[in-house]
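Peer 1: Please see the structure below; I have some questions.
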Amino acid sequence: MEIKRYESTGRMSRAVVCNGTIYLCGQTCGDREGVIEQTKGCLEKVEALLDQYGSDKYHILSTTIYLKDMSLFEEMNSVWDAWVEEGYEPARACVEAKLAREHILVELSVIAALKE
């Protein structure tokens, strides 16, 4: 079984591909203000990485969303719901978590199938 690791840093890889599946590292966008803008930025990064390594948002299997505070849930969902397309909704979990930096409000972890 071949495992391909992309953009490795010695600590982590931005993407790992194995058996037709792509695993993305957690995507954040702390350079933007507010959960709406950070969520948009995270989704832009997800789309770019999926495209770069052979997938797209229509092939997402699962997403875990980490929120700094669950009070941000509705605002984050307003962006998510506009982004995800009917018929292509992945399995999803959303949890409150202490994130790596104080200013980060949302982080997305994505698993997707490669396009054939």
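Residues in the structure tokens are named by chain (A, B, ... in the order shown) and by number from 1 within that chain; ligands are numbered from 1 in the order shown.
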I'd like the contact shell of region 87-102 of chain A - 7 Å cut-off, only C-alpha atoms, skipping same-chain residues fewer than 5 positions apart - returned as an MDAnalysis selection string.
Peer 2: chainID A and resid 58 60:70
Peer 1: Using only N, CA and C atoms, please write the residues we just selected to a file, as a tab-separated table (two decimals), in the first residue's frame.
Peer 2:
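Written output follows (result-v9.tsv):
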chain	number	residue	atom	x	y	z
A	58	TYR	N	-17.12	17.94	-3.77
A	58	TYR	CA	-18.17	16.96	-4.06
A	58	TYR	C	-17.76	15.54	-3.65
A	60	ILE	N	-16.04	15.04	-0.63
A	60	ILE	CA	-15.76	15.02	0.81
A	60	ILE	C	-16.62	13.95	1.47
A	61	LEU	N	-15.96	13.11	2.24
A	61	LEU	CA	-16.64	12.03	2.96
A	61	LEU	C	-17.02	12.44	4.37
A	62	SER	N	-16.10	13.16	5.02
A	62	SER	CA	-16.30	13.50	6.43
A	62	SER	C	-15.60	14.81	6.75
A	63	THR	N	-16.22	15.59	7.60
A	63	THR	CA	-15.62	16.83	8.10
A	63	THR	C	-15.84	16.92	9.60
A	64	THR	N	-14.78	17.25	10.31
A	64	THR	CA	-14.90	17.56	11.73
A	64	THR	C	-14.63	19.05	11.87
A	65	ILE	N	-15.55	19.74	12.51
A	65	ILE	CA	-15.43	21.18	12.71
A	65	ILE	C	-15.19	21.43	14.19
A	66	TYR	N	-14.13	22.16	14.47
A	66	TYR	CA	-13.79	22.53	15.84
A	66	TYR	C	-14.10	24.02	16.01
A	67	LEU	N	-14.91	24.35	17.00
A	67	LEU	CA	-15.25	25.74	17.28
A	67	LEU	C	-14.67	26.14	18.64
A	68	LYS	N	-14.17	27.35	18.72
A	68	LYS	CA	-13.66	27.85	19.99
A	68	LYS	C	-14.77	27.89	21.03
A	69	ASP	N	-15.98	28.21	20.58
A	69	ASP	CA	-17.12	28.32	21.48
A	69	ASP	C	-18.37	27.94	20.70
A	70	MET	N	-19.22	27.10	21.28
A	70	MET	CA	-20.43	26.67	20.57
A	70	MET	C	-21.41	27.80	20.32
Peer 1: Could you write out, as a ChimeraX atom specification, all the residues of chain A that DSSP marks as strand (DSSP E)?
Peer 2: /A:3-6,15-18,21-24,60-67,91-96,106-113
Peer 1: Within region 52-109 of chain A, find each residue whose DSSP state, derived from the backbone, is helix (DSSP H, G or I), and express the selection as a count of residues only.
Peer 2: 18
Peer 1: Please indicate the distance in Å from CA of Glu37 (chain A) to CA of Asp51 (chain A), rounded to one decimal place.
Peer 2: 21.2 Å
Peer 1: CA of Glu44 (chain A) to CA of Asp81 (chain A): how many Å, to one decimal?
Peer 2: 14.4 Å
Peer 1: Can you measure CA of Gln52 (chain A) to CA of Leu114 (chain A) for me? One decimal in Å is fine.
Peer 2: 10.9 Å
Peer 1: With only C-alpha atoms as the atoms that count, which of A:Arg32, A:Arg11, A:Leu43, A:His103 lies nearest to Asp56 (chain A)?
Peer 2: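 Closest residue, counting only C-alpha atoms: A:Leu43.
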Peer 1: For Thr28 (chain A), which residue out of A:Lys115, A:Lys4, A:His59, A:Arg14 is the nearest one, using only C-alpha atoms?
Peer 2: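 Using only C-alpha atoms, the shortest distance to Thr28 (chain A) belongs to A:Arg14.
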Peer 1: I'd like the contact shell of Tyr6 (chain A) - 10 Å cut-off, only C-alpha atoms, skipping same-chain residues fewer than 5 positions apart - returned as a ChimeraX atom specification.
Peer 2: /A:12-17,24,53
Peer 1: Using only C-alpha atoms, pick whichever of A:Thr9, A:Val35, A:Glu107, A:Glu2 has the shortest atom-to-atom distance to Ser71 (chain A).
Peer 2: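 Of A:Thr9, A:Val35, A:Glu107, A:Glu2, the one nearest Ser71 (chain A), counting only C-alpha atoms, is A:Val35.
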